[in-house]
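Enquirer: Here's a structure for you.
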Amino acid sequence: MGDLAKGLVEPLARRWSSAMSGAVVCFWLVGIVFYLAGTRPRRIDCSGDDATEAHPVCLITRHGGFGIGVTTTVALGVVVVSALLTVWCAPGVLNLLSGVWPDVPLLRWWAWRRIAAHRRERGKLVAAMQPTTNDVLQVRRAAAASAARRHYPKGSATLQPTRIANALAAAEQRVAERHGLDMELCWRPLVEVVDPAVRTRLESASSLIVTRAQAVLFAAALLAWTWLLPAWWTQVIYALCCLLLAGLACRGVAAAVEAYCDAAEDTFLLHPSSDQSLPCPGLPAPDHHLG
């Protein structure tokens, strides 16, 4: 599923360079606050400092407005470079969340466990899709279960170990059934010929994935400031909070990918000539492809 995720998002990657997230600023602010909180306050006297051993504050104020301007520029540069670095790492995060893991026994066992859990969850959703009464609450639950079931592929052999991988597999499966096309191969040329309004919607969905992938990276990176906390119990609580934030951010990425897959499927449906005009190979037969 990693190649499909990459193939879906890459055509819109040129907008990723403008994807800035508040997580970037929060990351550096947390580090600065923790550092200042753990540093004993002291008076800085710049009058007698030697030029080679001056305190950084003295070096900045010595040059007046120029020093402050350079410092501000460097700080903004650090923030921008951090954001661009996480944008560059976003495809790797997406691949990791889509189940592209090293082939080692422990991860194979974990993948098997996750596939079994998703099989049980899909079975619960299928059962919940049939309300036993006409009660409004049950009907709404059935509709919600049907919407969630949409992001699971048919058949046990096609189930994947992660929520994102299942959403991608389900989208690929439905495009193959309806159009006889390989979604991974046809997506890039299709994006080039869609209407501007449709492309704008796809670009917005793609940017949302990148922004939430940035949040995953920065939530995990916040662990780097753990050593700045004074007591061990505060470090433990802080680390647990960081892991909780990372987990919530991963769920946010999965929800964004599911919305993106829905938009991608709609693009195939709204482009009626896609079955004939796309310069990509079709599938011999939907049933043959799906096994």
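By order of appearance in the structure tokens: chains A, B, ..., then residues from 1 within every chain, and ligands from 1 in the order shown.
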I want to know what sits within 7 Å of range 225-231 of chain A, based on only C-alpha atoms, with residues of the same chain fewer than 3 positions away left out; could you give that as a PyMOL selection string?
Expert: chain A and resi 31+34-35+38+222+234-235+238-239
Enquirer: Would you write out those residues with N, CA and C atoms, as a CSV table (one decimal), in the first residue's frame?
Expert:
```csv
chain,number,residue,atom,x,y,z
A,31,GLY,N,10.2,24.0,23.9
A,31,GLY,CA,11.6,23.9,24.2
A,31,GLY,C,12.2,25.1,24.9
A,34,PHE,N,10.7,25.4,28.5
A,34,PHE,CA,11.3,24.4,29.4
A,34,PHE,C,12.7,24.8,29.8
A,35,TYR,N,13.4,25.4,28.8
A,35,TYR,CA,14.8,25.8,29.1
A,35,TYR,C,14.8,26.9,30.0
A,38,GLY,N,13.9,26.0,33.6
A,38,GLY,CA,15.0,25.2,34.3
A,38,GLY,C,16.3,26.0,34.5
A,222,LEU,N,8.6,16.2,20.4
A,222,LEU,CA,8.5,16.8,21.7
A,222,LEU,C,9.2,16.0,22.8
A,234,THR,N,7.7,14.2,36.5
A,234,THR,CA,7.3,15.1,35.5
A,234,THR,C,7.7,14.7,34.1
A,235,GLN,N,8.9,14.0,34.0
A,235,GLN,CA,9.4,13.5,32.7
A,235,GLN,C,8.5,12.4,32.2
A,238,TYR,N,5.1,13.9,31.2
A,238,TYR,CA,5.3,14.6,29.9
A,238,TYR,C,5.4,13.7,28.7
A,239,ALA,N,6.2,12.6,28.9
A,239,ALA,CA,6.4,11.6,27.8
A,239,ALA,C,5.1,10.9,27.5
```
Enquirer: Dump as a tab-separated table the rows for residues of range 168-268 of chain A within 12 Å of range 140-158 of chain A: closest atom pair and distance in Å with one decimal, only C-alpha atoms counted, ordered by chain and rising residue number.
Expert:
```
residue	atom	partner	partner_atom	distance
A:Leu168	CA	A:His151	CA	7.8
A:Ala169	CA	A:Pro153	CA	5.9
A:Ala170	CA	A:Pro153	CA	4.1
A:Ala171	CA	A:His151	CA	7.4
A:Glu172	CA	A:Pro153	CA	8.7
A:Gln173	CA	A:Pro153	CA	6.8
A:Arg174	CA	A:Pro153	CA	8.4
A:Val175	CA	A:Pro153	CA	11.5
A:Ala176	CA	A:Pro153	CA	11.8
A:Glu177	CA	A:Lys154	CA	11.2
A:Ala254	CA	A:His151	CA	10.6
A:Ala255	CA	A:His151	CA	10.3
A:Val257	CA	A:His151	CA	10.2
A:Glu258	CA	A:His151	CA	7.0
A:Ala259	CA	A:His151	CA	9.8
A:Tyr260	CA	A:His151	CA	11.4
A:Cys261	CA	A:His151	CA	8.8
A:Asp262	CA	A:His151	CA	9.0
A:Glu265	CA	A:Arg150	CA	11.6
```
Enquirer: Could you please determine the separation between CA of Thr267 in chain A and CA of Leu125 in chain A in Å, to one decimal place?
Expert: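 According to the coordinates, CA of Thr267 in chain A and CA of Leu125 in chain A are separated by 26.3 Å.
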Enquirer: Would you mind writing down, as a PyMOL selection string, each residue of range 67-238 of chain A that DSSP on the backbone assigns to alpha helix (DSSP H)?
Expert: chain A and resi 67-97+105-128+136-149+163-179+183-193+196-221+232-238
